[in-house]
>>> print(open('upload_22.txt').read())   # compact mmCIF, C-alpha atoms
# COMPACT_ATOMS: atom_id res chain seq x y z
CA GLY Q 702 130.54 46.01 96.14
CA ALA Q 703 128.23 48.84 95.24
CA GLY Q 704 125.11 46.72 95.42
CA VAL Q 705 123.77 43.25 96.04
CA SER Q 706 124.85 40.98 93.22
CA GLN Q 707 122.96 37.82 92.27
CA SER Q 708 123.83 35.16 89.75
CA PRO Q 709 122.70 33.80 87.47
CA SER Q 710 120.11 36.37 86.42
CA ASN Q 711 118.12 33.67 84.64
CA LYS Q 712 118.12 29.92 85.06
CA VAL Q 713 116.12 27.34 83.15
CA THR Q 714 116.33 23.84 84.53
CA GLU Q 715 114.63 20.52 84.01
CA LYS Q 716 112.29 19.16 86.62
CA GLY Q 717 114.20 17.00 89.09
CA LYS Q 718 117.55 18.74 88.67
CA ASP Q 719 119.33 20.63 91.45
CA VAL Q 720 120.08 24.34 91.17
CA GLU Q 721 122.32 26.75 93.05
CA LEU Q 722 121.65 30.47 93.25
CA ARG Q 723 124.31 32.87 94.45
CA CYS Q 724 124.12 36.15 96.35
CA ASP Q 725 126.97 38.54 97.03
CA PRO Q 726 125.82 41.13 99.59
CA ILE Q 727 126.97 44.67 100.13
CA SER Q 728 130.30 44.77 101.93
CA GLY Q 729 129.77 45.47 105.61
CA HIS Q 730 126.18 44.27 105.69
CA THR Q 731 125.89 41.64 108.40
CA ALA Q 732 122.37 40.46 107.57
CA LEU Q 733 121.37 38.55 104.43
CA TYR Q 734 117.88 37.47 103.40
CA TRP Q 735 116.39 35.30 100.69
CA TYR Q 736 112.88 35.93 99.39
CA ARG Q 737 110.83 34.29 96.67
CA GLN Q 738 108.44 36.15 94.40
CA SER Q 739 106.08 34.23 92.18
CA LEU Q 740 104.64 35.99 89.13
CA GLY Q 741 102.57 38.97 90.23
CA GLN Q 742 102.77 37.99 93.87
CA GLY Q 743 104.27 39.39 97.05
CA LEU Q 744 107.56 38.71 98.81
CA GLU Q 745 107.74 35.31 100.46
CA PHE Q 746 110.43 35.08 103.15
CA LEU Q 747 112.69 32.04 102.88
CA ILE Q 748 115.74 32.36 105.15
CA TYR Q 749 117.74 34.96 107.09
CA PHE Q 750 121.40 35.05 108.15
CA GLN Q 751 122.76 37.42 110.78
CA GLY Q 752 126.47 37.36 111.47
CA ASN Q 753 127.56 34.12 113.07
CA SER Q 754 124.14 33.35 114.55
CA ALA Q 755 122.15 30.30 113.54
CA PRO Q 756 120.06 31.18 110.47
CA ASP Q 757 116.30 31.68 110.65
CA LYS Q 758 115.06 28.96 108.31
CA SER Q 759 111.40 29.32 109.19
CA GLY Q 760 110.35 30.31 105.66
CA LEU Q 761 111.88 27.44 103.72
CA PRO Q 762 108.94 25.66 102.03
CA SER Q 763 110.37 22.14 102.10
CA ASP Q 764 113.52 20.18 102.89
CA ARG Q 765 114.48 20.45 99.21
CA PHE Q 766 115.52 24.03 99.98
CA SER Q 767 118.71 24.89 101.84
CA ALA Q 768 121.08 27.82 102.07
CA GLU Q 769 124.46 28.58 103.45
CA ARG Q 770 126.51 31.69 103.97
CA THR Q 771 130.25 31.27 103.91
CA GLY Q 772 132.57 33.58 105.79
CA GLY Q 773 129.73 35.93 106.63
CA SER Q 774 129.55 37.12 103.04
CA VAL Q 775 128.44 35.19 99.94
CA SER Q 776 125.34 33.02 100.24
CA THR Q 777 124.15 30.12 98.12
CA LEU Q 778 120.53 28.97 97.97
CA THR Q 779 120.22 25.37 96.80
CA ILE Q 780 117.03 23.77 95.55
CA GLN Q 781 117.20 20.01 95.14
CA ARG Q 782 114.98 17.96 92.84
CA THR Q 783 113.31 21.07 91.43
CA GLN Q 784 109.58 21.09 90.79
CA GLN Q 785 107.55 23.31 88.47
CA GLU Q 786 106.08 25.15 91.45
CA ASP Q 787 109.60 26.30 92.32
CA SER Q 788 109.52 28.59 89.28
CA ALA Q 789 109.77 32.15 90.59
CA VAL Q 790 112.15 35.06 91.02
CA TYR Q 791 114.49 34.50 93.94
CA LEU Q 792 115.53 37.78 95.54
CA CYS Q 793 118.42 38.27 97.90
CA ALA Q 794 118.71 41.30 100.16
CA SER Q 795 121.28 42.51 102.64
CA SER Q 796 121.26 45.06 105.42
CA PHE Q 797 122.99 46.29 108.48
CA SER Q 798 121.98 44.39 111.58
CA ARG Q 799 118.41 43.06 111.35
CA GLY Q 800 117.32 45.51 108.71
CA VAL Q 801 117.06 48.47 111.04
CA ASP Q 802 117.72 50.81 108.11
CA GLY Q 803 115.91 48.80 105.47
CA TYR Q 804 117.10 46.26 102.96
CA THR Q 805 118.95 46.56 99.68
CA PHE Q 806 117.70 43.99 97.21
CA GLY Q 807 119.56 42.32 94.40
CA SER Q 808 118.09 42.05 90.92
CA GLY Q 809 117.06 38.48 91.51
CA THR Q 810 117.40 35.16 89.76
CA ARG Q 811 114.48 34.15 87.56
CA LEU Q 812 114.16 30.38 87.87
CA THR Q 813 112.09 28.45 85.37
CA VAL Q 814 111.57 24.72 85.88
CA VAL Q 815 110.43 22.93 82.74
CA GLY Z 305 104.51 37.56 115.16
CA GLU Z 306 103.88 40.70 113.17
CA ASN Z 307 101.14 40.82 110.55
CA VAL Z 308 100.92 43.59 107.96
CA GLU Z 309 97.83 44.19 105.84
CA GLN Z 310 97.94 46.46 102.80
CA HIS Z 311 95.12 48.07 100.81
CA PRO Z 312 94.15 48.43 98.07
CA SER Z 313 95.68 45.63 96.06
CA THR Z 314 95.31 47.65 92.86
CA LEU Z 315 94.92 51.38 92.35
CA SER Z 316 94.41 53.32 89.16
CA VAL Z 317 94.73 57.12 89.12
CA GLN Z 318 94.95 59.74 86.42
CA GLU Z 319 98.20 61.57 85.92
CA GLY Z 320 98.38 64.52 88.25
CA ASP Z 321 96.03 63.05 90.84
CA SER Z 322 97.10 61.84 94.28
CA ALA Z 323 97.42 58.21 95.34
CA VAL Z 324 97.16 56.82 98.86
CA ILE Z 325 98.14 53.32 99.97
CA LYS Z 326 97.33 52.17 103.49
CA CYS Z 327 98.85 49.54 105.76
CA THR Z 328 97.99 48.27 109.20
CA TYR Z 329 100.23 46.31 111.53
CA SER Z 330 99.55 44.13 114.54
CA ASP Z 331 102.65 44.41 116.77
CA SER Z 332 102.42 47.63 118.79
CA ALA Z 333 106.18 47.39 119.42
CA SER Z 334 107.01 47.78 115.72
CA ASN Z 335 108.92 51.01 115.28
CA TYR Z 336 110.34 51.06 111.74
CA PHE Z 337 108.18 51.27 108.61
CA PRO Z 338 109.80 51.31 105.14
CA TRP Z 339 108.13 51.49 101.75
CA TYR Z 340 109.48 49.78 98.66
CA LYS Z 341 108.73 50.44 94.99
CA GLN Z 342 109.09 47.63 92.48
CA GLU Z 343 108.89 48.51 88.80
CA LEU Z 344 108.04 45.75 86.37
CA GLY Z 345 110.90 43.28 86.13
CA LYS Z 346 113.06 45.23 88.56
CA ARG Z 347 114.19 44.84 92.15
CA PRO Z 348 112.24 46.37 95.05
CA GLN Z 349 113.83 49.67 96.06
CA LEU Z 350 113.45 51.59 99.29
CA ILE Z 351 111.75 54.91 98.57
CA ILE Z 352 110.94 56.26 102.01
CA ASP Z 353 110.80 55.08 105.60
CA ILE Z 354 109.51 56.36 108.92
CA ARG Z 355 110.30 55.57 112.52
CA SER Z 356 107.84 55.60 115.36
CA ASN Z 357 109.18 58.79 116.91
CA VAL Z 358 107.69 60.90 114.09
CA GLY Z 359 104.22 61.13 112.63
CA GLU Z 360 105.00 62.24 109.10
CA LYS Z 361 107.91 62.35 106.69
CA LYS Z 362 108.08 63.93 103.24
CA ASP Z 363 110.41 63.61 100.30
CA GLN Z 364 109.36 65.70 97.32
CA ARG Z 365 106.12 64.18 95.97
CA ILE Z 366 105.97 61.28 98.41
CA ALA Z 367 105.07 61.31 102.07
CA VAL Z 368 104.40 58.73 104.73
CA THR Z 369 102.19 59.18 107.79
CA LEU Z 370 102.12 57.03 110.90
CA ASN Z 371 99.37 56.65 113.48
CA LYS Z 372 100.79 54.57 116.33
CA THR Z 373 97.57 54.52 118.28
CA ALA Z 374 95.64 53.03 115.40
CA LYS Z 375 98.63 51.02 114.20
CA HIS Z 376 98.44 52.15 110.64
CA PHE Z 377 100.66 53.98 108.21
CA SER Z 378 100.08 55.33 104.73
CA LEU Z 379 102.01 56.30 101.62
CA HIS Z 380 100.89 59.43 99.82
CA ILE Z 381 102.01 60.27 96.29
CA THR Z 382 101.02 63.68 94.96
CA GLU Z 383 100.99 64.89 91.35
CA THR Z 384 101.36 61.34 90.09
CA GLN Z 385 103.34 60.69 86.93
CA PRO Z 386 103.46 57.65 84.62
CA GLU Z 387 106.83 56.66 86.10
CA ASP Z 388 105.11 56.20 89.46
CA SER Z 389 103.40 53.12 88.00
CA ALA Z 390 104.77 50.16 89.95
CA VAL Z 391 104.00 47.77 92.79
CA TYR Z 392 104.45 49.31 96.23
CA PHE Z 393 105.15 47.25 99.35
CA CYS Z 394 104.90 48.45 102.93
CA ALA Z 395 106.75 46.71 105.75
CA ALA Z 396 107.13 46.82 109.52
CA LEU Z 397 109.87 45.90 111.95
CA ASN Z 398 110.36 45.83 115.70
CA THR Z 399 114.02 46.82 115.72
CA GLY Z 400 114.39 45.64 119.30
CA THR Z 401 113.44 42.02 118.91
CA ALA Z 402 112.44 41.06 115.38
CA SER Z 403 114.88 39.56 112.93
CA LYS Z 404 113.28 40.58 109.64
CA LEU Z 405 110.84 42.93 107.98
CA THR Z 406 107.25 41.79 107.62
CA PHE Z 407 105.95 42.90 104.22
CA GLY Z 408 102.45 43.76 103.09
CA THR Z 409 101.05 42.00 100.05
CA GLY Z 410 101.67 44.90 97.69
CA THR Z 411 99.65 47.51 95.78
CA ARG Z 412 99.81 47.73 92.03
CA LEU Z 413 99.57 51.43 91.10
CA GLN Z 414 98.71 52.36 87.55
CA VAL Z 415 98.98 56.01 86.54
CA THR Z 416 97.02 56.66 83.37
CA LEU Z 417 97.43 59.57 80.97
>>> encode(input="upload_22.txt", output="C-alpha cells")
Amino acid sequence: GAGVSQSPSNKVTEKGKDVELRCDPISGHTALYWYRQSLGQGLEFLIYFQGNSAPDKSGLPSDRFSAERTGGSVSTLTIQRTQQEDSAVYLCASSFSRGVDGYTFGSGTRLTVV
Amino acid sequence: GENVEQHPSTLSVQEGDSAVIKCTYSDSASNYFPWYKQELGKRPQLIIDIRSNVGEKKDQRIAVTLNKTAKHFSLHITETQPEDSAVYFCAALNTGTASKLTFGTGTRLQVTL
C-alpha cells in the first residue's frame, strides 16, 4: 500500500478485556515496529520484527502484551486483560532493513481502557 | 545501548524567528540521525535526516548539523511559521549493528504570532 495502515483508529474497551491492534506495513518493507505513546509523552519502543528473524521483544512492558507478524507482512499486537495504564496511542512503523532510511509511521490506534 | 538526550523539552518562538533543538547521543558508532515532526493528533513524519559522512544538510527552511566529535546534532528551523508548531523528535541509529532507532524525548515547539 501507499502507507502504513493501522486499525482500528480508535478502540474503547473495558478493563480486563483483550484487544487486538492491526498493522499493515508498506509493501516491501522488511522491518516492522510497534511503539506506544502516552498522552504528551515520547515514543516507547515495544517490539521489532525483521524478516524471518526472531523478534526483539525487549520493550514489551509485561507478559500481557504479545505480537505476531504473519507472512512477513501484517502484524497484530495483542493486549490481554487490559488495564487503565494501557491507555495510549499505539503506533506501528515499517522500514527497509533495520530502519537505515528512517521509519514510516502509521496513524496509530488510540486505545482507551475504561 | 544507545542513549539520546534532547533539549529543550519545550520551546516558544515568535513567528519569523529561528528555532534550534539539540540532541546528544552516546554510541560513537551511530551513523544515521533522522528528525521527526509530530503535529497534534497526527503521526510522526520524517522531515530530514543526516548521515555521519556529512556535517550539515539543508532543505528549505530546515537544516541539521552533526558534530561527530562531540556526539551531538541539532535541528535548525529558520523563519518559523505557525505551521511549524509541533513536537519534534530526534533519533540515532548504528546502521551496522543496531536493530532500531533510539528516539529522544521530544521538543514541543510553539510558534506564536
>>> closest_residue(input="upload_22.txt", among="Z:Leu315, Z:Leu344, Z:Cys394, Z:Ala374", to="Cys327 of chain Z", atoms="all atoms listed in the file")
Z:Cys394
>>> residues_around(input="upload_22.txt", residues="Phe746 of chain Q", least_positions_apart="6", cutoff="12 Å", atoms="only C-alpha atoms", output="PyMOL selection string")
(chain Q and resi 733-739+757-762+791-794) or (chain Z and resi 403-408)
>>> residues_around(input="upload_22.txt", residues="Pro338 of chain Z", least_positions_apart="5", cutoff="7 Å", atoms="only C-alpha atoms", output="list in words")
Gly803 of chain Q; Leu350, Ile352, Asp353, Ile354, Cys394, Ala395 and Ala396 of chain Z
>>> interface_residues(input="upload_22.txt", of="chain Q", to="chain Z", cutoff="9 Å", atoms="all atoms listed in the file", output="short mmCIF file (atom, residue, chain, number, x, y, z; two decimals) with C-alpha atoms, keeping the file's coordinate frame")
data_model
loop_
_atom_site.label_atom_id
_atom_site.label_comp_id
_atom_site.auth_asym_id
_atom_site.auth_seq_id
_atom_site.Cartn_x
_atom_site.Cartn_y
_atom_site.Cartn_z
CA TYR Q 734 117.88 37.47 103.40
CA GLN Q 742 102.77 37.99 93.87
CA GLY Q 743 104.27 39.39 97.05
CA LEU Q 744 107.56 38.71 98.81
CA GLU Q 745 107.74 35.31 100.46
CA PHE Q 746 110.43 35.08 103.15
CA TYR Q 749 117.74 34.96 107.09
CA GLN Q 751 122.76 37.42 110.78
CA ASP Q 757 116.30 31.68 110.65
CA LEU Q 792 115.53 37.78 95.54
CA SER Q 798 121.98 44.39 111.58
CA ARG Q 799 118.41 43.06 111.35
CA GLY Q 800 117.32 45.51 108.71
CA VAL Q 801 117.06 48.47 111.04
CA ASP Q 802 117.72 50.81 108.11
CA GLY Q 803 115.91 48.80 105.47
CA TYR Q 804 117.10 46.26 102.96
CA THR Q 805 118.95 46.56 99.68
CA PHE Q 806 117.70 43.99 97.21
CA GLY Q 807 119.56 42.32 94.40
CA SER Q 808 118.09 42.05 90.92
CA GLY Q 809 117.06 38.48 91.51
#
>>> closest_atom_pairs(input="upload_22.txt", of="segment 723-763 of chain Q", to="segment 767-786 of chain Q", cutoff="9 Å", atoms="all atoms listed in the file", output="CSV")
residue,atom,partner,partner_atom,distance
Q:Arg723,CA,Q:Thr777,CA,4.6
Q:Cys724,CA,Q:Ser776,CA,5.1
Q:Asp725,CA,Q:Val775,CA,4.7
Q:Pro726,CA,Q:Ser774,CA,6.5
Q:Ile727,CA,Q:Ser774,CA,8.5
Q:Ser728,CA,Q:Ser774,CA,7.8
Q:Gly729,CA,Q:Ser774,CA,8.7
Q:His730,CA,Q:Ser774,CA,8.3
Q:Thr731,CA,Q:Gly773,CA,7.1
Q:Ala732,CA,Q:Gly773,CA,8.7
Q:Leu733,CA,Q:Ser776,CA,8.0
Q:Trp735,CA,Q:Leu778,CA,8.0
Q:Ile748,CA,Q:Ala768,CA,7.7
Q:Phe750,CA,Q:Arg770,CA,7.4
Q:Gln751,CA,Q:Gly773,CA,8.2
Q:Gly752,CA,Q:Gly773,CA,6.0
Q:Asn753,CA,Q:Gly773,CA,7.0
Q:Pro756,CA,Q:Glu769,CA,8.7
Q:Lys758,CA,Q:Ser767,CA,8.5
Q:Leu761,CA,Q:Ser767,CA,7.5
Q:Ser763,CA,Q:Ser767,CA,8.8
>>> write_last_selection(input="upload_22.txt", atoms="C-alpha atoms", output="PDB file, in the frame of the given file")
ATOM      1  CA  ARG Q 723     124.310  32.870  94.450  1.00  0.00           C
ATOM      2  CA  CYS Q 724     124.120  36.150  96.350  1.00  0.00           C
ATOM      3  CA  ASP Q 725     126.970  38.540  97.030  1.00  0.00           C
ATOM      4  CA  PRO Q 726     125.820  41.130  99.590  1.00  0.00           C
ATOM      5  CA  ILE Q 727     126.970  44.670 100.130  1.00  0.00           C
ATOM      6  CA  SER Q 728     130.300  44.770 101.930  1.00  0.00           C
ATOM      7  CA  GLY Q 729     129.770  45.470 105.610  1.00  0.00           C
ATOM      8  CA  HIS Q 730     126.180  44.270 105.690  1.00  0.00           C
ATOM      9  CA  THR Q 731     125.890  41.640 108.400  1.00  0.00           C
ATOM     10  CA  ALA Q 732     122.370  40.460 107.570  1.00  0.00           C
ATOM     11  CA  LEU Q 733     121.370  38.550 104.430  1.00  0.00           C
ATOM     12  CA  TRP Q 735     116.390  35.300 100.690  1.00  0.00           C
ATOM     13  CA  ILE Q 748     115.740  32.360 105.150  1.00  0.00           C
ATOM     14  CA  PHE Q 750     121.400  35.050 108.150  1.00  0.00           C
ATOM     15  CA  GLN Q 751     122.760  37.420 110.780  1.00  0.00           C
ATOM     16  CA  GLY Q 752     126.470  37.360 111.470  1.00  0.00           C
ATOM     17  CA  ASN Q 753     127.560  34.120 113.070  1.00  0.00           C
ATOM     18  CA  PRO Q 756     120.060  31.180 110.470  1.00  0.00           C
ATOM     19  CA  LYS Q 758     115.060  28.960 108.310  1.00  0.00           C
ATOM     20  CA  LEU Q 761     111.880  27.440 103.720  1.00  0.00           C
ATOM     21  CA  SER Q 763     110.370  22.140 102.100  1.00  0.00           C
TER      22      SER Q 763
END
>>> decode(input="upload_22.txt", residues="segment 360-404 of chain Z", atoms="N, CA and C atoms", output="PDB file, in the first residue's frame")
ATOM      1  N   GLU Z 360      26.474  18.809   7.582  1.00  0.00           N
ATOM      2  CA  GLU Z 360      25.296  19.658   7.544  1.00  0.00           C
ATOM      3  C   GLU Z 360      24.446  19.287   6.338  1.00  0.00           C
ATOM      4  N   LYS Z 361      23.147  19.430   6.520  1.00  0.00           N
ATOM      5  CA  LYS Z 361      22.212  19.175   5.421  1.00  0.00           C
ATOM      6  C   LYS Z 361      21.072  20.169   5.530  1.00  0.00           C
ATOM      7  N   LYS Z 362      20.669  20.745   4.384  1.00  0.00           N
ATOM      8  CA  LYS Z 362      19.601  21.735   4.387  1.00  0.00           C
ATOM      9  C   LYS Z 362      18.480  21.316   3.462  1.00  0.00           C
ATOM     10  N   ASP Z 363      17.275  21.727   3.853  1.00  0.00           N
ATOM     11  CA  ASP Z 363      16.107  21.534   2.998  1.00  0.00           C
ATOM     12  C   ASP Z 363      15.178  22.712   3.259  1.00  0.00           C
ATOM     13  N   GLN Z 364      15.290  23.701   2.404  1.00  0.00           N
ATOM     14  CA  GLN Z 364      14.495  24.928   2.516  1.00  0.00           C
ATOM     15  C   GLN Z 364      14.754  25.583   3.865  1.00  0.00           C
ATOM     16  N   ARG Z 365      13.737  25.676   4.724  1.00  0.00           N
ATOM     17  CA  ARG Z 365      13.913  26.401   5.996  1.00  0.00           C
ATOM     18  C   ARG Z 365      14.476  25.532   7.117  1.00  0.00           C
ATOM     19  N   ILE Z 366      14.667  24.268   6.877  1.00  0.00           N
ATOM     20  CA  ILE Z 366      15.197  23.408   7.933  1.00  0.00           C
ATOM     21  C   ILE Z 366      16.599  22.927   7.574  1.00  0.00           C
ATOM     22  N   ALA Z 367      17.401  22.748   8.607  1.00  0.00           N
ATOM     23  CA  ALA Z 367      18.756  22.252   8.424  1.00  0.00           C
ATOM     24  C   ALA Z 367      19.120  21.413   9.632  1.00  0.00           C
ATOM     25  N   VAL Z 368      20.007  20.477   9.423  1.00  0.00           N
ATOM     26  CA  VAL Z 368      20.516  19.673  10.525  1.00  0.00           C
ATOM     27  C   VAL Z 368      22.043  19.716  10.466  1.00  0.00           C
ATOM     28  N   THR Z 369      22.663  19.858  11.627  1.00  0.00           N
ATOM     29  CA  THR Z 369      24.112  19.837  11.733  1.00  0.00           C
ATOM     30  C   THR Z 369      24.529  18.681  12.613  1.00  0.00           C
ATOM     31  N   LEU Z 370      25.695  18.132  12.337  1.00  0.00           N
ATOM     32  CA  LEU Z 370      26.203  16.988  13.085  1.00  0.00           C
ATOM     33  C   LEU Z 370      27.645  17.247  13.478  1.00  0.00           C
ATOM     34  N   ASN Z 371      27.939  17.045  14.759  1.00  0.00           N
ATOM     35  CA  ASN Z 371      29.297  17.129  15.266  1.00  0.00           C
ATOM     36  C   ASN Z 371      29.645  15.764  15.841  1.00  0.00           C
ATOM     37  N   LYS Z 372      30.378  14.964  15.060  1.00  0.00           N
ATOM     38  CA  LYS Z 372      30.683  13.592  15.479  1.00  0.00           C
ATOM     39  C   LYS Z 372      31.626  13.555  16.668  1.00  0.00           C
ATOM     40  N   THR Z 373      32.520  14.505  16.716  1.00  0.00           N
ATOM     41  CA  THR Z 373      33.482  14.518  17.816  1.00  0.00           C
ATOM     42  C   THR Z 373      32.781  14.720  19.141  1.00  0.00           C
ATOM     43  N   ALA Z 374      31.854  15.655  19.159  1.00  0.00           N
ATOM     44  CA  ALA Z 374      31.115  15.960  20.377  1.00  0.00           C
ATOM     45  C   ALA Z 374      29.891  15.071  20.547  1.00  0.00           C
ATOM     46  N   LYS Z 375      29.572  14.314  19.552  1.00  0.00           N
ATOM     47  CA  LYS Z 375      28.401  13.440  19.552  1.00  0.00           C
ATOM     48  C   LYS Z 375      27.123  14.213  19.814  1.00  0.00           C
ATOM     49  N   HIS Z 376      26.948  15.280  19.023  1.00  0.00           N
ATOM     50  CA  HIS Z 376      25.670  15.961  19.091  1.00  0.00           C
ATOM     51  C   HIS Z 376      25.236  16.428  17.719  1.00  0.00           C
ATOM     52  N   PHE Z 377      23.931  16.568  17.565  1.00  0.00           N
ATOM     53  CA  PHE Z 377      23.350  17.031  16.322  1.00  0.00           C
ATOM     54  C   PHE Z 377      22.170  17.934  16.639  1.00  0.00           C
ATOM     55  N   SER Z 378      21.894  18.850  15.738  1.00  0.00           N
ATOM     56  CA  SER Z 378      20.898  19.882  16.004  1.00  0.00           C
ATOM     57  C   SER Z 378      20.003  20.100  14.794  1.00  0.00           C
ATOM     58  N   LEU Z 379      18.781  20.481  15.091  1.00  0.00           N
ATOM     59  CA  LEU Z 379      17.802  20.860  14.066  1.00  0.00           C
ATOM     60  C   LEU Z 379      17.627  22.368  14.127  1.00  0.00           C
ATOM     61  N   HIS Z 380      17.730  23.007  12.976  1.00  0.00           N
ATOM     62  CA  HIS Z 380      17.578  24.448  12.886  1.00  0.00           C
ATOM     63  C   HIS Z 380      16.398  24.754  11.959  1.00  0.00           C
ATOM     64  N   ILE Z 381      15.473  25.552  12.461  1.00  0.00           N
ATOM     65  CA  ILE Z 381      14.342  25.994  11.646  1.00  0.00           C
ATOM     66  C   ILE Z 381      14.426  27.503  11.555  1.00  0.00           C
ATOM     67  N   THR Z 382      14.522  28.031  10.353  1.00  0.00           N
ATOM     68  CA  THR Z 382      14.588  29.481  10.165  1.00  0.00           C
ATOM     69  C   THR Z 382      13.226  30.004   9.722  1.00  0.00           C
ATOM     70  N   GLU Z 383      13.024  31.312   9.952  1.00  0.00           N
ATOM     71  CA  GLU Z 383      11.784  31.983   9.533  1.00  0.00           C
ATOM     72  C   GLU Z 383      10.558  31.162   9.938  1.00  0.00           C
ATOM     73  N   THR Z 384      10.480  30.845  11.215  1.00  0.00           N
ATOM     74  CA  THR Z 384       9.417  29.959  11.689  1.00  0.00           C
ATOM     75  C   THR Z 384       8.029  30.501  11.364  1.00  0.00           C
ATOM     76  N   GLN Z 385       7.127  29.542  11.131  1.00  0.00           N
ATOM     77  CA  GLN Z 385       5.737  29.845  10.795  1.00  0.00           C
ATOM     78  C   GLN Z 385       4.837  29.075  11.751  1.00  0.00           C
ATOM     79  N   PRO Z 386       3.588  29.505  11.910  1.00  0.00           N
ATOM     80  CA  PRO Z 386       2.682  28.805  12.837  1.00  0.00           C
ATOM     81  C   PRO Z 386       2.571  27.313  12.538  1.00  0.00           C
ATOM     82  N   GLU Z 387       2.657  26.933  11.280  1.00  0.00           N
ATOM     83  CA  GLU Z 387       2.536  25.510  10.932  1.00  0.00           C
ATOM     84  C   GLU Z 387       3.762  24.688  11.346  1.00  0.00           C
ATOM     85  N   ASP Z 388       4.801  25.358  11.824  1.00  0.00           N
ATOM     86  CA  ASP Z 388       5.948  24.631  12.366  1.00  0.00           C
ATOM     87  C   ASP Z 388       5.669  24.149  13.791  1.00  0.00           C
ATOM     88  N   SER Z 389       4.605  24.639  14.397  1.00  0.00           N
ATOM     89  CA  SER Z 389       4.257  24.222  15.758  1.00  0.00           C
ATOM     90  C   SER Z 389       3.952  22.727  15.776  1.00  0.00           C
ATOM     91  N   ALA Z 390       4.688  21.993  16.596  1.00  0.00           N
ATOM     92  CA  ALA Z 390       4.576  20.536  16.637  1.00  0.00           C
ATOM     93  C   ALA Z 390       5.550  20.024  17.693  1.00  0.00           C
ATOM     94  N   VAL Z 391       5.552  18.707  17.862  1.00  0.00           N
ATOM     95  CA  VAL Z 391       6.590  18.064  18.673  1.00  0.00           C
ATOM     96  C   VAL Z 391       7.619  17.473  17.718  1.00  0.00           C
ATOM     97  N   TYR Z 392       8.877  17.734  17.998  1.00  0.00           N
ATOM     98  CA  TYR Z 392       9.973  17.250  17.163  1.00  0.00           C
ATOM     99  C   TYR Z 392      10.771  16.203  17.948  1.00  0.00           C
ATOM    100  N   PHE Z 393      11.055  15.083  17.278  1.00  0.00           N
ATOM    101  CA  PHE Z 393      11.842  14.007  17.880  1.00  0.00           C
ATOM    102  C   PHE Z 393      13.121  13.798  17.077  1.00  0.00           C
ATOM    103  N   CYS Z 394      14.246  13.736  17.759  1.00  0.00           N
ATOM    104  CA  CYS Z 394      15.478  13.310  17.104  1.00  0.00           C
ATOM    105  C   CYS Z 394      15.661  11.813  17.360  1.00  0.00           C
ATOM    106  N   ALA Z 395      16.526  11.191  16.597  1.00  0.00           N
ATOM    107  CA  ALA Z 395      16.797   9.762  16.765  1.00  0.00           C
ATOM    108  C   ALA Z 395      18.190   9.447  16.245  1.00  0.00           C
ATOM    109  N   ALA Z 396      18.710   8.317  16.686  1.00  0.00           N
ATOM    110  CA  ALA Z 396      20.035   7.876  16.251  1.00  0.00           C
ATOM    111  C   ALA Z 396      20.031   6.384  15.999  1.00  0.00           C
ATOM    112  N   LEU Z 397      20.890   5.969  15.081  1.00  0.00           N
ATOM    113  CA  LEU Z 397      20.968   4.545  14.724  1.00  0.00           C
ATOM    114  C   LEU Z 397      22.377   4.198  14.278  1.00  0.00           C
ATOM    115  N   ASN Z 398      22.877   3.104  14.768  1.00  0.00           N
ATOM    116  CA  ASN Z 398      24.096   2.481  14.234  1.00  0.00           C
ATOM    117  C   ASN Z 398      23.637   1.482  13.185  1.00  0.00           C
ATOM    118  N   THR Z 399      23.751   1.863  11.917  1.00  0.00           N
ATOM    119  CA  THR Z 399      23.195   1.023  10.860  1.00  0.00           C
ATOM    120  C   THR Z 399      23.940  -0.308  10.713  1.00  0.00           C
ATOM    121  N   GLY Z 400      25.106  -0.395  11.323  1.00  0.00           N
ATOM    122  CA  GLY Z 400      25.859  -1.637  11.212  1.00  0.00           C
ATOM    123  C   GLY Z 400      25.408  -2.732  12.155  1.00  0.00           C
ATOM    124  N   THR Z 401      24.977  -2.332  13.346  1.00  0.00           N
ATOM    125  CA  THR Z 401      24.683  -3.348  14.356  1.00  0.00           C
ATOM    126  C   THR Z 401      23.339  -3.192  15.048  1.00  0.00           C
ATOM    127  N   ALA Z 402      22.813  -1.988  15.117  1.00  0.00           N
ATOM    128  CA  ALA Z 402      21.589  -1.780  15.901  1.00  0.00           C
ATOM    129  C   ALA Z 402      20.374  -2.227  15.105  1.00  0.00           C
ATOM    130  N   SER Z 403      19.321  -2.560  15.832  1.00  0.00           N
ATOM    131  CA  SER Z 403      18.116  -3.063  15.192  1.00  0.00           C
ATOM    132  C   SER Z 403      17.019  -2.003  15.109  1.00  0.00           C
ATOM    133  N   LYS Z 404      17.155  -0.901  15.824  1.00  0.00           N
ATOM    134  CA  LYS Z 404      16.073   0.068  15.839  1.00  0.00           C
ATOM    135  C   LYS Z 404      16.611   1.440  16.214  1.00  0.00           C
TER     136      LYS Z 404
END
